[in-house]
>>> print(open('data.csv').read())   # CSV, C-alpha atoms and all ligand atoms
chain,number,residue,atom,x,y,z
A,10,MET,CA,-1.2,330.9,102.1
A,11,SER,CA,0.0,334.4,102.5
A,12,SER,CA,-1.3,335.5,99.1
A,13,SER,CA,-4.9,334.8,100.1
A,14,ILE,CA,-4.6,337.6,102.8
A,15,GLU,CA,-3.4,339.9,100.1
A,16,GLU,CA,-6.4,339.0,97.9
A,17,LEU,CA,-8.8,340.0,100.7
A,18,ALA,CA,-7.3,343.5,100.9
A,19,ARG,CA,-9.0,346.4,99.1
A,20,ALA,CA,-7.9,346.8,95.5
A,21,ASN,CA,-6.5,350.3,96.1
A,22,VAL,CA,-4.5,349.1,99.1
A,23,ARG,CA,-3.0,346.2,97.1
A,24,LYS,CA,-1.8,348.7,94.6
A,25,LEU,CA,-0.7,351.2,97.1
A,26,VAL,CA,3.0,352.3,97.3
A,27,PRO,CA,3.5,353.5,100.8
A,28,TYR,CA,5.0,357.0,101.4
A,29,GLN,CA,8.8,356.8,100.9
A,30,SER,CA,9.7,358.6,104.1
A,31,ALA,CA,13.3,359.5,104.8
A,32,ARG,CA,13.3,356.9,107.5
A,33,ARG,CA,12.0,354.1,105.3
A,34,LEU,CA,14.6,354.9,102.6
A,35,GLY,CA,17.3,353.9,105.2
A,36,GLY,CA,20.9,354.8,104.8
A,37,LYS,CA,23.8,354.6,107.3
A,38,GLY,CA,24.9,358.1,108.0
A,39,ASP,CA,25.9,360.5,110.6
A,40,VAL,CA,24.8,363.6,108.7
A,41,TRP,CA,21.0,363.4,108.2
A,42,LEU,CA,19.9,366.1,105.9
A,43,ASN,CA,17.0,364.3,104.1
A,44,ALA,CA,13.9,364.9,106.2
A,45,ASN,CA,13.8,368.7,106.9
A,46,GLU,CA,14.2,368.1,110.6
A,47,TYR,CA,15.9,370.5,113.0
A,48,PRO,CA,19.4,369.2,113.5
A,49,ILE,CA,19.6,369.5,117.3
A,50,GLY,CA,17.1,368.1,119.9
A,51,THR,CA,15.8,369.9,122.9
A,52,ALA,CA,15.3,368.1,126.3
A,53,TYR,CA,11.9,368.2,128.0
A,54,GLN,CA,10.7,367.0,131.4
A,55,LEU,CA,7.3,365.4,131.7
A,56,SER,CA,5.0,367.2,134.2
A,57,ALA,CA,2.0,365.0,133.8
A,58,ASP,CA,1.4,362.0,136.1
A,59,THR,CA,-2.1,360.9,135.1
A,60,PHE,CA,-1.1,358.1,132.8
A,61,ASN,CA,-3.8,355.8,134.3
A,62,ARG,CA,-6.4,358.1,132.6
A,63,TYR,CA,-7.2,358.6,129.0
A,64,PRO,CA,-6.0,361.9,127.7
A,65,GLU,CA,-8.3,364.8,126.6
A,66,CYS,CA,-9.2,364.5,122.9
A,67,GLN,CA,-8.1,368.1,122.3
A,68,PRO,CA,-5.8,369.0,125.2
A,69,GLN,CA,-6.9,372.4,126.3
A,70,ALA,CA,-3.4,373.8,127.2
A,71,VAL,CA,-2.1,372.8,123.7
A,72,ILE,CA,-5.1,374.3,121.9
A,73,ASN,CA,-5.0,377.5,123.9
A,74,ASN,CA,-1.2,378.0,123.5
A,75,TYR,CA,-1.4,377.2,119.7
A,76,ALA,CA,-4.4,379.6,119.2
A,77,SER,CA,-2.5,382.4,120.9
A,78,TYR,CA,0.7,381.7,119.0
A,79,ALA,CA,-1.2,381.6,115.6
A,80,GLY,CA,-3.4,384.6,116.5
A,81,VAL,CA,-6.8,382.8,116.2
A,82,ASN,CA,-9.6,381.7,118.6
A,83,ALA,CA,-9.3,378.4,120.4
A,84,ASP,CA,-12.4,377.1,118.5
A,85,GLN,CA,-10.5,377.5,115.2
A,86,VAL,CA,-7.7,375.0,116.2
A,87,LEU,CA,-7.6,371.3,115.9
A,88,VAL,CA,-4.6,369.3,117.1
A,89,SER,CA,-3.7,366.0,115.6
A,90,ARG,CA,-1.0,363.3,115.3
A,91,GLY,CA,1.2,365.5,113.0
A,92,ALA,CA,0.0,367.6,110.1
A,93,ASP,CA,-0.1,364.3,108.2
A,94,GLU,CA,-3.2,363.3,110.2
A,95,GLY,CA,-4.7,366.7,109.4
A,96,ILE,CA,-4.2,365.9,105.7
A,97,GLU,CA,-6.0,362.7,106.1
A,98,LEU,CA,-8.9,364.0,108.3
A,99,LEU,CA,-9.8,366.4,105.5
A,100,ILE,CA,-10.2,363.6,103.0
A,101,ARG,CA,-12.2,361.6,105.5
A,102,ALA,CA,-14.5,364.5,106.1
A,103,PHE,CA,-15.0,365.8,102.6
A,104,CYS,CA,-14.3,363.1,100.0
A,105,GLU,CA,-16.6,360.3,99.0
A,106,PRO,CA,-14.5,357.3,97.8
A,107,GLY,CA,-14.9,356.4,94.2
A,108,GLN,CA,-16.7,359.6,93.5
A,109,ASP,CA,-14.9,362.8,94.7
A,110,ALA,CA,-11.3,363.8,93.8
A,111,VAL,CA,-8.5,365.7,95.5
A,112,LEU,CA,-6.3,368.0,93.5
A,113,TYR,CA,-2.7,368.9,94.1
A,114,CYS,CA,0.2,370.4,92.1
A,115,PRO,CA,3.5,368.4,91.8
A,116,PRO,CA,6.3,368.6,92.5
A,117,THR,CA,4.9,368.8,96.1
A,118,TYR,CA,4.6,366.9,99.3
A,119,GLY,CA,3.9,363.2,98.8
A,120,MET,CA,1.3,362.5,101.5
A,121,TYR,CA,-1.6,364.2,99.7
A,122,GLY,CA,-1.5,361.5,97.1
A,123,VAL,CA,-0.8,358.7,99.5
A,124,SER,CA,-3.7,359.6,101.8
A,125,ALA,CA,-6.1,360.0,98.9
A,126,GLU,CA,-5.1,356.6,97.5
A,127,THR,CA,-5.5,354.9,100.8
A,128,PHE,CA,-9.1,356.1,101.0
A,129,GLY,CA,-9.9,355.2,97.3
A,130,VAL,CA,-10.3,358.9,96.4
A,131,GLU,CA,-9.2,360.0,92.9
A,132,ARG,CA,-5.9,361.9,92.7
A,133,ARG,CA,-6.1,364.8,90.2
A,134,THR,CA,-2.8,366.5,89.6
A,135,VAL,CA,-2.1,369.7,87.8
A,136,ALA,CA,1.7,370.3,87.6
A,137,LEU,CA,3.2,373.5,88.8
A,138,ARG,CA,4.4,375.8,86.0
A,139,GLU,CA,8.0,376.1,85.1
A,140,ASP,CA,8.4,378.8,87.7
A,141,TRP,CA,6.9,376.5,90.3
A,142,GLN,CA,3.8,378.7,90.6
A,143,LEU,CA,0.1,377.5,90.3
A,144,ASP,CA,-1.2,376.9,86.8
A,145,LEU,CA,-4.6,378.5,87.5
A,146,PRO,CA,-6.2,378.0,84.1
A,147,ALA,CA,-5.3,374.3,84.2
A,148,ILE,CA,-6.6,374.0,87.7
A,149,GLU,CA,-9.9,375.7,86.7
A,150,GLN,CA,-10.3,373.2,83.8
A,151,ASN,CA,-9.8,370.3,86.2
A,152,LEU,CA,-12.1,371.2,89.0
A,153,ALA,CA,-15.0,368.9,88.1
A,154,GLY,CA,-15.6,366.5,91.0
A,155,VAL,CA,-12.8,368.0,93.1
A,156,LYS,CA,-13.7,368.4,96.7
A,157,LEU,CA,-10.4,369.2,98.2
A,158,ILE,CA,-7.3,371.1,96.9
A,159,TYR,CA,-3.9,371.0,98.7
A,160,VAL,CA,-1.4,373.7,98.1
A,161,CYS,CA,1.9,374.0,99.9
A,162,SER,CA,3.7,377.3,100.7
A,163,PRO,CA,6.7,377.3,101.1
A,164,ASN,CA,6.4,374.3,98.8
A,165,ASN,CA,8.2,371.1,99.7
A,166,PRO,CA,10.5,370.3,97.9
A,167,THR,CA,11.0,373.4,95.7
A,168,GLY,CA,11.1,375.8,98.6
A,169,ASN,CA,9.3,378.7,97.0
A,170,LEU,CA,6.3,380.6,98.3
A,171,LEU,CA,3.2,380.5,96.1
A,172,SER,CA,2.1,383.9,94.8
A,173,PRO,CA,-0.5,385.5,97.1
A,174,THR,CA,-2.4,386.9,94.0
A,175,ASP,CA,-2.6,383.3,92.7
A,176,LEU,CA,-3.8,381.9,96.0
A,177,ARG,CA,-6.5,384.6,96.3
A,178,GLN,CA,-7.6,383.7,92.8
A,179,LEU,CA,-7.7,380.0,93.7
A,180,LEU,CA,-9.8,380.8,96.7
A,181,GLU,CA,-12.2,382.9,94.7
A,182,LEU,CA,-12.4,380.2,92.0
A,183,THR,CA,-13.3,377.4,94.5
A,184,ALA,CA,-15.6,379.2,96.9
A,185,GLY,CA,-18.7,377.1,97.5
A,186,LYS,CA,-17.2,374.2,95.5
A,187,ALA,CA,-14.2,372.8,97.2
A,188,ILE,CA,-12.0,373.1,100.3
A,189,VAL,CA,-8.6,374.6,99.9
A,190,ALA,CA,-6.0,373.3,102.4
A,191,VAL,CA,-2.9,375.5,102.6
A,192,ASP,CA,0.0,373.5,104.0
A,193,GLU,CA,2.1,375.9,106.0
A,194,ALA,CA,4.5,373.2,107.5
A,195,TYR,CA,7.5,375.6,106.9
A,196,ILE,CA,5.7,379.0,107.6
A,197,GLU,CA,7.9,379.8,110.7
A,198,PHE,CA,10.8,380.3,108.2
A,199,ALA,CA,8.7,382.9,106.3
A,200,PRO,CA,6.1,384.0,108.8
A,201,HIS,CA,5.0,387.1,106.8
A,202,ALA,CA,3.5,384.8,104.2
A,203,THR,CA,0.9,383.0,106.3
A,204,LEU,CA,-2.7,383.0,105.0
A,205,VAL,CA,-4.2,382.7,108.5
A,206,PRO,CA,-5.5,386.4,108.3
A,207,TRP,CA,-7.5,385.3,105.2
A,208,LEU,CA,-9.6,382.8,107.1
A,209,ALA,CA,-12.3,385.3,108.0
A,210,GLU,CA,-12.8,386.1,104.3
A,211,PHE,CA,-12.6,382.5,103.0
A,212,PRO,CA,-14.4,379.9,105.2
A,213,HIS,CA,-13.6,377.2,102.7
A,214,MET,CA,-9.9,377.5,103.5
A,215,VAL,CA,-7.9,375.6,106.2
A,216,VAL,CA,-4.3,376.0,107.2
A,217,LEU,CA,-2.1,373.0,108.1
A,218,ARG,CA,0.7,373.5,110.6
A,219,THR,CA,3.2,371.3,112.5
A,220,LEU,CA,5.6,371.2,115.4
A,221,SER,CA,7.9,368.9,113.3
A,222,LYS,CA,10.0,371.6,111.5
A,223,ALA,CA,10.8,374.9,113.2
A,224,PHE,CA,9.7,373.7,116.6
A,225,ALA,CA,12.2,370.8,116.3
A,226,LEU,CA,9.7,368.2,117.4
A,227,ALA,CA,9.4,365.8,114.4
A,228,GLY,CA,9.6,362.8,116.9
A,229,LEU,CA,6.6,364.2,118.9
A,230,ARG,CA,4.1,363.8,116.1
A,231,CYS,CA,2.0,366.8,116.7
A,232,GLY,CA,0.3,369.1,114.1
A,233,PHE,CA,-2.5,371.5,113.7
A,234,THR,CA,-5.4,372.4,111.4
A,235,ILE,CA,-6.7,376.0,111.6
A,236,GLY,CA,-10.0,376.8,110.1
A,237,SER,CA,-13.5,378.2,110.9
A,238,PRO,CA,-15.3,376.8,114.0
A,239,GLU,CA,-17.7,375.0,111.6
A,240,MET,CA,-14.7,373.3,109.9
A,241,ILE,CA,-13.1,372.3,113.2
A,242,THR,CA,-16.4,370.8,114.4
A,243,LEU,CA,-16.6,368.7,111.3
A,244,LEU,CA,-13.1,367.4,111.6
A,245,LEU,CA,-13.7,366.5,115.2
A,246,LYS,CA,-16.3,364.1,114.0
A,247,VAL,CA,-13.8,362.0,112.1
A,248,ILE,CA,-10.7,362.2,114.4
A,249,ALA,CA,-9.8,359.3,116.7
A,250,PRO,CA,-11.1,359.7,120.3
A,251,TYR,CA,-7.6,360.1,121.7
A,252,PRO,CA,-5.3,361.3,118.9
A,253,LEU,CA,-2.6,362.6,121.3
A,254,SER,CA,-1.0,360.7,124.1
A,255,THR,CA,-0.6,362.4,127.5
A,256,PRO,CA,3.2,362.8,127.2
A,257,VAL,CA,2.8,364.3,123.7
A,258,ALA,CA,0.3,366.9,124.9
A,259,ASP,CA,2.5,367.7,127.9
A,260,ILE,CA,5.5,368.4,125.7
A,261,ALA,CA,3.6,370.2,123.0
A,262,ALA,CA,2.1,372.6,125.6
A,263,GLN,CA,5.6,373.4,126.9
A,264,ALA,CA,7.0,373.9,123.3
A,265,LEU,CA,4.1,376.4,122.7
A,266,SER,CA,4.6,378.4,125.9
A,267,PRO,CA,6.0,381.9,125.4
A,268,ASP,CA,9.5,380.6,126.3
A,269,GLY,CA,9.1,377.7,123.8
A,270,VAL,CA,8.0,380.1,121.0
A,271,ALA,CA,10.9,382.4,121.7
A,272,ALA,CA,13.3,379.4,121.5
A,273,MET,CA,11.7,378.5,118.2
A,274,ARG,CA,12.3,382.0,116.8
A,275,GLN,CA,15.9,381.8,117.9
A,276,ARG,CA,16.3,378.4,116.0
A,277,VAL,CA,14.7,379.9,112.9
A,278,GLN,CA,17.2,382.8,113.0
A,279,THR,CA,20.1,380.3,113.1
A,280,ILE,CA,18.7,378.3,110.3
A,281,LEU,CA,18.2,381.4,108.1
A,282,GLU,CA,21.8,382.4,108.7
A,283,ASN,CA,23.1,378.9,107.9
A,284,ARG,CA,20.9,378.7,104.8
A,285,ALA,CA,22.3,382.0,103.4
A,286,LEU,CA,25.9,380.7,103.9
A,287,LEU,CA,25.0,377.3,102.4
A,288,VAL,CA,23.5,378.9,99.3
A,289,LYS,CA,26.7,380.9,98.8
A,290,THR,CA,29.1,377.9,99.3
A,291,LEU,CA,26.9,375.5,97.2
A,292,THR,CA,27.0,377.9,94.3
A,293,GLU,CA,30.8,377.8,94.4
A,294,CYS,CA,31.0,374.0,94.0
A,295,ASP,CA,32.0,372.8,90.5
A,296,CYS,CA,29.5,369.9,90.5
A,297,VAL,CA,26.5,372.2,91.3
A,298,GLU,CA,24.8,373.9,88.4
A,299,ALA,CA,22.1,375.8,90.1
A,300,VAL,CA,20.9,376.6,93.7
A,301,TYR,CA,17.3,377.6,94.0
A,302,PRO,CA,16.3,380.3,96.5
A,303,GLY,CA,14.3,378.5,99.2
A,304,GLU,CA,12.1,379.9,102.0
A,305,GLY,CA,12.1,376.8,104.2
A,306,ASN,CA,14.8,375.0,106.2
A,307,TYR,CA,15.9,373.2,103.0
A,308,LEU,CA,17.2,373.9,99.5
A,309,VAL,CA,17.0,372.2,96.2
A,310,PHE,CA,20.1,372.4,93.9
A,311,ARG,CA,20.8,371.0,90.5
A,312,CYS,CA,23.9,369.0,89.8
A,313,SER,CA,25.6,367.9,86.6
A,314,ALA,CA,25.3,364.3,87.8
A,315,ALA,CA,22.8,364.1,90.7
A,316,ALA,CA,22.6,360.3,91.1
A,317,ALA,CA,26.4,360.1,91.3
A,318,VAL,CA,26.7,363.0,93.7
A,319,PHE,CA,23.9,361.5,95.9
A,320,LYS,CA,25.6,358.1,96.0
A,321,SER,CA,29.0,359.6,96.7
A,322,LEU,CA,27.6,361.6,99.7
A,323,TRP,CA,25.5,358.6,100.8
A,324,ASP,CA,28.7,356.4,100.9
A,325,GLN,CA,30.3,359.0,103.1
A,326,GLY,CA,27.4,359.0,105.5
A,327,ILE,CA,25.8,362.2,104.3
A,328,ILE,CA,22.2,361.5,103.5
A,329,LEU,CA,20.4,364.0,101.2
A,330,ARG,CA,17.1,363.5,99.4
A,331,ASP,CA,17.1,362.7,95.7
A,332,GLN,CA,14.3,364.6,93.9
A,333,SER,CA,15.4,363.9,90.4
A,334,LYS,CA,12.4,361.7,89.6
A,335,GLN,CA,9.9,364.5,90.4
A,336,PRO,CA,8.4,366.5,87.5
A,337,SER,CA,10.6,369.6,86.6
A,338,LEU,CA,13.3,368.5,89.1
A,339,SER,CA,15.6,366.4,87.0
A,340,ASN,CA,19.1,366.2,88.5
A,341,CYS,CA,17.9,368.0,91.6
A,342,LEU,CA,18.8,367.1,95.2
A,343,ARG,CA,17.2,368.5,98.3
A,344,ILE,CA,19.2,369.3,101.3
A,345,THR,CA,18.0,370.2,104.8
A,346,ILE,CA,19.9,373.0,106.5
A,347,GLY,CA,21.9,371.3,109.2
A,348,THR,CA,24.3,372.6,111.8
A,349,GLN,CA,27.2,374.7,110.5
A,350,ALA,CA,29.5,371.7,111.0
A,351,GLU,CA,27.2,369.4,109.0
A,352,ASN,CA,26.8,372.0,106.2
A,353,ASN,CA,30.6,372.3,106.1
A,354,GLN,CA,30.9,368.5,105.8
A,355,VAL,CA,28.6,368.5,102.8
A,356,ILE,CA,30.5,371.3,101.1
A,357,ALA,CA,33.8,369.6,101.6
A,358,ALA,CA,32.3,366.4,100.1
A,359,LEU,CA,30.9,368.3,97.1
A,360,ARG,CA,34.2,370.1,96.6
A,361,ALA,CA,36.0,366.8,96.5
A,362,PHE,CA,33.5,365.3,94.0
A,363,PRO,CA,34.2,363.5,91.7
A,364,ASN,CA,37.7,363.1,93.0
A,365,ALA,CA,36.3,361.5,96.2
A,366,VAL,CA,34.9,358.6,94.2
A,367,ALA,CA,38.3,358.1,92.5
A,368,ALA,CA,40.1,358.3,95.8
A,369,LYS,CA,37.8,355.6,97.2
A,370,GLU,CA,38.5,353.3,94.3
A,371,PHE,CA,42.2,353.9,94.8
A,372,SER,CA,42.1,353.1,98.6
A,373,LYS,CA,40.2,349.9,97.8
A,374,GLU,CA,43.0,348.8,95.4
A,375,ALA,CA,45.6,349.7,98.0
A,376,VAL,CA,44.1,347.3,100.6
A,401,LIG,C1,6.9,367.6,107.1
A,401,LIG,C2,5.7,368.0,106.4
A,401,LIG,C3,4.4,367.7,106.8
A,401,LIG,C4,4.2,366.7,107.9
A,401,LIG,O1,4.2,367.2,109.1
A,401,LIG,P1,4.0,366.2,110.4
A,401,LIG,O2,3.4,367.1,111.4
A,401,LIG,O3,5.4,365.7,110.8
A,401,LIG,O4,3.1,365.1,110.0
A,401,LIG,C5,3.3,368.2,106.2
A,401,LIG,N1,3.5,368.9,105.1
A,401,LIG,C6,4.7,369.2,104.5
A,401,LIG,C7,4.8,370.0,103.3
A,401,LIG,C8,5.8,368.7,105.2
A,401,LIG,O5,7.0,368.9,104.6
>>> encode(input="data.csv", output="structure tokens")
Amino acid sequence: MSSSIEELARANVRKLVPYQSARRLGGKGDVWLNANEYPIGTAYQLSADTFNRYPECQPQAVINNYASYAGVNADQVLVSRGADEGIELLIRAFCEPGQDAVLYCPPTYGMYGVSAETFGVERRTVALREDWQLDLPAIEQNLAGVKLIYVCSPNNPTGNLLSPTDLRQLLELTAGKAIVAVDEAYIEFAPHATLVPWLAEFPHMVVLRTLSKAFALAGLRCGFTIGSPEMITLLLKVIAPYPLSTPVADIAAQALSPDGVAAMRQRVQTILENRALLVKTLTECDCVEAVYPGEGNYLVFRCSAAAAVFKSLWDQGIILRDQSKQPSLSNCLRITIGTQAENNQVIAALRAFPNAVAAKEFSKEAV
């Protein structure tokens, strides 16, 4: 009986709700603005031909190129299967299941909670304040047993940067007690805000990075953890022996070459221009009540009827991400900045709402 297999599973795995990734949520669209991907792909040629051999655990070309891009030493960089694996490695290295806790501040990225739950580690949440900044007094009161804190800046999904003064205070508060992981998945869109220069001062800090967003390589599955050499040595103890396949390492090294980095900066420039235009045009739509300034390649906006707007766009093949179930995000949708043509399609659909719904009903009757 299939239920007996389920009974053999760990209790926390039985209860686990897997991460609702954009891909898992489905949809049939041609305008995909729900996963913060870059809207256009870049072609790469494989240069490796040693597929009979196991890859290097930490491919040297990838590590060296990333270290030079991030302005750190090679022994401060760990490469993994996406930033998501970095999130998980920290739990594996620092949290005793059933004993230690991780703390994070919703609304934020969903994988911190999912990873903790998978390992049977307590999830302690302290909501962001109304202004989407850290609630430091509440964090301080909830630190007992916390080994690991995730903060995300620019924060997904709200888009804002966390205050550097608050981050410094958090790091001072936690020194010697807990690890602070700063998720900089979107930092290329606001490079001045990186905390990497603080690493020398705060050895209990790590920075998470990815090639999935500004580098336009979400399909590659390649991310980075930047920290002290001591931290990287620890994480290397718990990583898989061959976390990156040879083709992934090959392409990652190309994407991080000087030409690759220059192309990334060009893409960021385009996204920032398109984002400014999207903010302006979204604000002018009748069904949009508020557009929040965002620092990433996405925006959240509040609608008078988010569920209906979401559904109407979905039916037209435009897939956004509904955030209205998250704390302090009622009636909010998140939109990834697409190409200019895609953004125009969204605006046209929003301008037509709710008339688009009515027109559809009408055309059904006419058939
Ligand atoms: C997309 C995203 C990640 C995951 O990055 P991968 O490298 O694709 O695993 C991590 N953190 C945040 C905040 C993200 O939005």
>>> atom_distance(input="data.csv", atom1="atom CA of Trp41 of chain A", atom2="atom CA of Gly326 of chain A")
8.2 Å
>>> residues_near_ligand(input="data.csv", ligand="ligand LIG 401 (chain A)", cutoff="9 Å", atoms="all atoms listed in the file", output="PyMOL selection string")
chain A and resi 44-46+89-96+117-121+160-166+192-195+217-222+226-233
>>> atom_distance(input="data.csv", atom1="atom CA of Asn306 of chain A", atom2="atom CA of Asp331 of chain A")
16.3 Å
>>> closest_residue(input="data.csv", among="A:Ala70, A:Thr167, A:Arg274, A:Pro238", to="Ser333 of chain A", atoms="all atoms listed in the file")
A:Thr167
>>> atom_distance(input="data.csv", atom1="atom CA of Met214 of chain A", atom2="atom CA of Leu99 of chain A")
11.3 Å
>>> residues_around(input="data.csv", residues="Pro115 of chain A", least_positions_apart="3", cutoff="9 Å", atoms="all atoms listed in the file", output="list in words")
Tyr118, Gly119, Thr134, Val135, Ala136, Leu137, Trp141, Gln335, Pro336 and Ser337 of chain A
>>> residues_around(input="data.csv", residues="segment 307-320 of chain A", least_positions_apart="6", cutoff="10 Å", atoms="all atoms listed in the file", output="PyMOL selection string")
chain A and resi 42-46+165-169+195+280-281+284+287-288+291-292+294-301+326-333+338-347+358-359+362-363+366
>>> write_last_selection(input="data.csv", atoms="C-alpha atoms", output="short mmCIF file (atom, residue, chain, number, x, y, z; two decimals), keeping the file's coordinate frame")
data_model
loop_
_atom_site.label_atom_id
_atom_site.label_comp_id
_atom_site.auth_asym_id
_atom_site.auth_seq_id
_atom_site.Cartn_x
_atom_site.Cartn_y
_atom_site.Cartn_z
CA LEU A 42 19.90 366.10 105.90
CA ASN A 43 17.00 364.30 104.10
CA ALA A 44 13.90 364.90 106.20
CA ASN A 45 13.80 368.70 106.90
CA GLU A 46 14.20 368.10 110.60
CA ASN A 165 8.20 371.10 99.70
CA PRO A 166 10.50 370.30 97.90
CA THR A 167 11.00 373.40 95.70
CA GLY A 168 11.10 375.80 98.60
CA ASN A 169 9.30 378.70 97.00
CA TYR A 195 7.50 375.60 106.90
CA ILE A 280 18.70 378.30 110.30
CA LEU A 281 18.20 381.40 108.10
CA ARG A 284 20.90 378.70 104.80
CA LEU A 287 25.00 377.30 102.40
CA VAL A 288 23.50 378.90 99.30
CA LEU A 291 26.90 375.50 97.20
CA THR A 292 27.00 377.90 94.30
CA CYS A 294 31.00 374.00 94.00
CA ASP A 295 32.00 372.80 90.50
CA CYS A 296 29.50 369.90 90.50
CA VAL A 297 26.50 372.20 91.30
CA GLU A 298 24.80 373.90 88.40
CA ALA A 299 22.10 375.80 90.10
CA VAL A 300 20.90 376.60 93.70
CA TYR A 301 17.30 377.60 94.00
CA GLY A 326 27.40 359.00 105.50
CA ILE A 327 25.80 362.20 104.30
CA ILE A 328 22.20 361.50 103.50
CA LEU A 329 20.40 364.00 101.20
CA ARG A 330 17.10 363.50 99.40
CA ASP A 331 17.10 362.70 95.70
CA GLN A 332 14.30 364.60 93.90
CA SER A 333 15.40 363.90 90.40
CA LEU A 338 13.30 368.50 89.10
CA SER A 339 15.60 366.40 87.00
CA ASN A 340 19.10 366.20 88.50
CA CYS A 341 17.90 368.00 91.60
CA LEU A 342 18.80 367.10 95.20
CA ARG A 343 17.20 368.50 98.30
CA ILE A 344 19.20 369.30 101.30
CA THR A 345 18.00 370.20 104.80
CA ILE A 346 19.90 373.00 106.50
CA GLY A 347 21.90 371.30 109.20
CA ALA A 358 32.30 366.40 100.10
CA LEU A 359 30.90 368.30 97.10
CA PHE A 362 33.50 365.30 94.00
CA PRO A 363 34.20 363.50 91.70
CA VAL A 366 34.90 358.60 94.20
#
>>> residues_around(input="data.csv", residues="Phe60 of chain A", least_positions_apart="4", cutoff="10 Å", atoms="only C-alpha atoms", output="list in words")
Pro64, Ser254, Thr255 and Pro256 of chain A
>>> closest_residue(input="data.csv", among="A:Ile196, A:Leu253, A:Val155, A:Ala147", to="Gln108 of chain A", atoms="all atoms listed in the file")
A:Val155
>>> closest_residue(input="data.csv", among="A:Glu293, A:Glu97, A:Asp84, A:Glu65", to="Val123 of chain A", atoms="all atoms listed in the file")
A:Glu97
>>> closest_residue(input="data.csv", among="A:Gly236, A:Pro267, A:Pro250, A:Pro173", to="Gln142 of chain A", atoms="only C-alpha atoms")
A:Pro173
>>> closest_residue(input="data.csv", among="A:Ile49, A:Val215, A:Ala199, A:Ile356", to="Leu286 of chain A", atoms="all atoms listed in the file")
A:Ile356
>>> closest_residue(input="data.csv", among="A:Val86, A:Leu145, A:Ala225, A:Leu208", to="Leu179 of chain A", atoms="all atoms listed in the file")
A:Leu145
>>> decode(input="data.csv", residues="segment 76-80 of chain A", atoms="all heavy atoms", output="PDB file, in the first residue's frame")
ATOM      1  N   ALA A  76      35.573  35.485  -7.893  1.00  0.00           N
ATOM      2  CA  ALA A  76      36.315  36.250  -6.880  1.00  0.00           C
ATOM      3  C   ALA A  76      36.729  37.597  -7.460  1.00  0.00           C
ATOM      4  O   ALA A  76      36.584  38.638  -6.802  1.00  0.00           O
ATOM      5  CB  ALA A  76      37.526  35.454  -6.408  1.00  0.00           C
ATOM      6  N   SER A  77      37.188  37.591  -8.703  1.00  0.00           N
ATOM      7  CA  SER A  77      37.645  38.865  -9.248  1.00  0.00           C
ATOM      8  C   SER A  77      36.452  39.780  -9.539  1.00  0.00           C
ATOM      9  O   SER A  77      36.529  40.989  -9.293  1.00  0.00           O
ATOM     10  CB  SER A  77      38.573  38.621 -10.449  1.00  0.00           C
ATOM     11  OG  SER A  77      37.968  38.960 -11.644  1.00  0.00           O
ATOM     12  N   TYR A  78      35.326  39.206  -9.987  1.00  0.00           N
ATOM     13  CA  TYR A  78      34.110  40.014 -10.182  1.00  0.00           C
ATOM     14  C   TYR A  78      33.626  40.617  -8.853  1.00  0.00           C
ATOM     15  O   TYR A  78      33.260  41.789  -8.782  1.00  0.00           O
ATOM     16  CB  TYR A  78      33.009  39.158 -10.827  1.00  0.00           C
ATOM     17  CG  TYR A  78      31.621  39.708 -10.647  1.00  0.00           C
ATOM     18  CD1 TYR A  78      31.245  40.909 -11.254  1.00  0.00           C
ATOM     19  CD2 TYR A  78      30.687  39.048  -9.850  1.00  0.00           C
ATOM     20  CE1 TYR A  78      29.974  41.436 -11.068  1.00  0.00           C
ATOM     21  CE2 TYR A  78      29.420  39.560  -9.660  1.00  0.00           C
ATOM     22  CZ  TYR A  78      29.068  40.758 -10.267  1.00  0.00           C
ATOM     23  OH  TYR A  78      27.820  41.281 -10.078  1.00  0.00           O
ATOM     24  N   ALA A  79      33.640  39.816  -7.770  1.00  0.00           N
ATOM     25  CA  ALA A  79      33.084  40.272  -6.489  1.00  0.00           C
ATOM     26  C   ALA A  79      34.087  41.067  -5.652  1.00  0.00           C
ATOM     27  O   ALA A  79      33.722  41.644  -4.630  1.00  0.00           O
ATOM     28  CB  ALA A  79      32.584  39.065  -5.688  1.00  0.00           C
ATOM     29  N   GLY A  80      35.355  41.079  -6.068  1.00  0.00           N
ATOM     30  CA  GLY A  80      36.369  41.829  -5.343  1.00  0.00           C
ATOM     31  C   GLY A  80      36.805  41.163  -4.042  1.00  0.00           C
ATOM     32  O   GLY A  80      37.035  41.832  -3.036  1.00  0.00           O
TER      33      GLY A  80
END
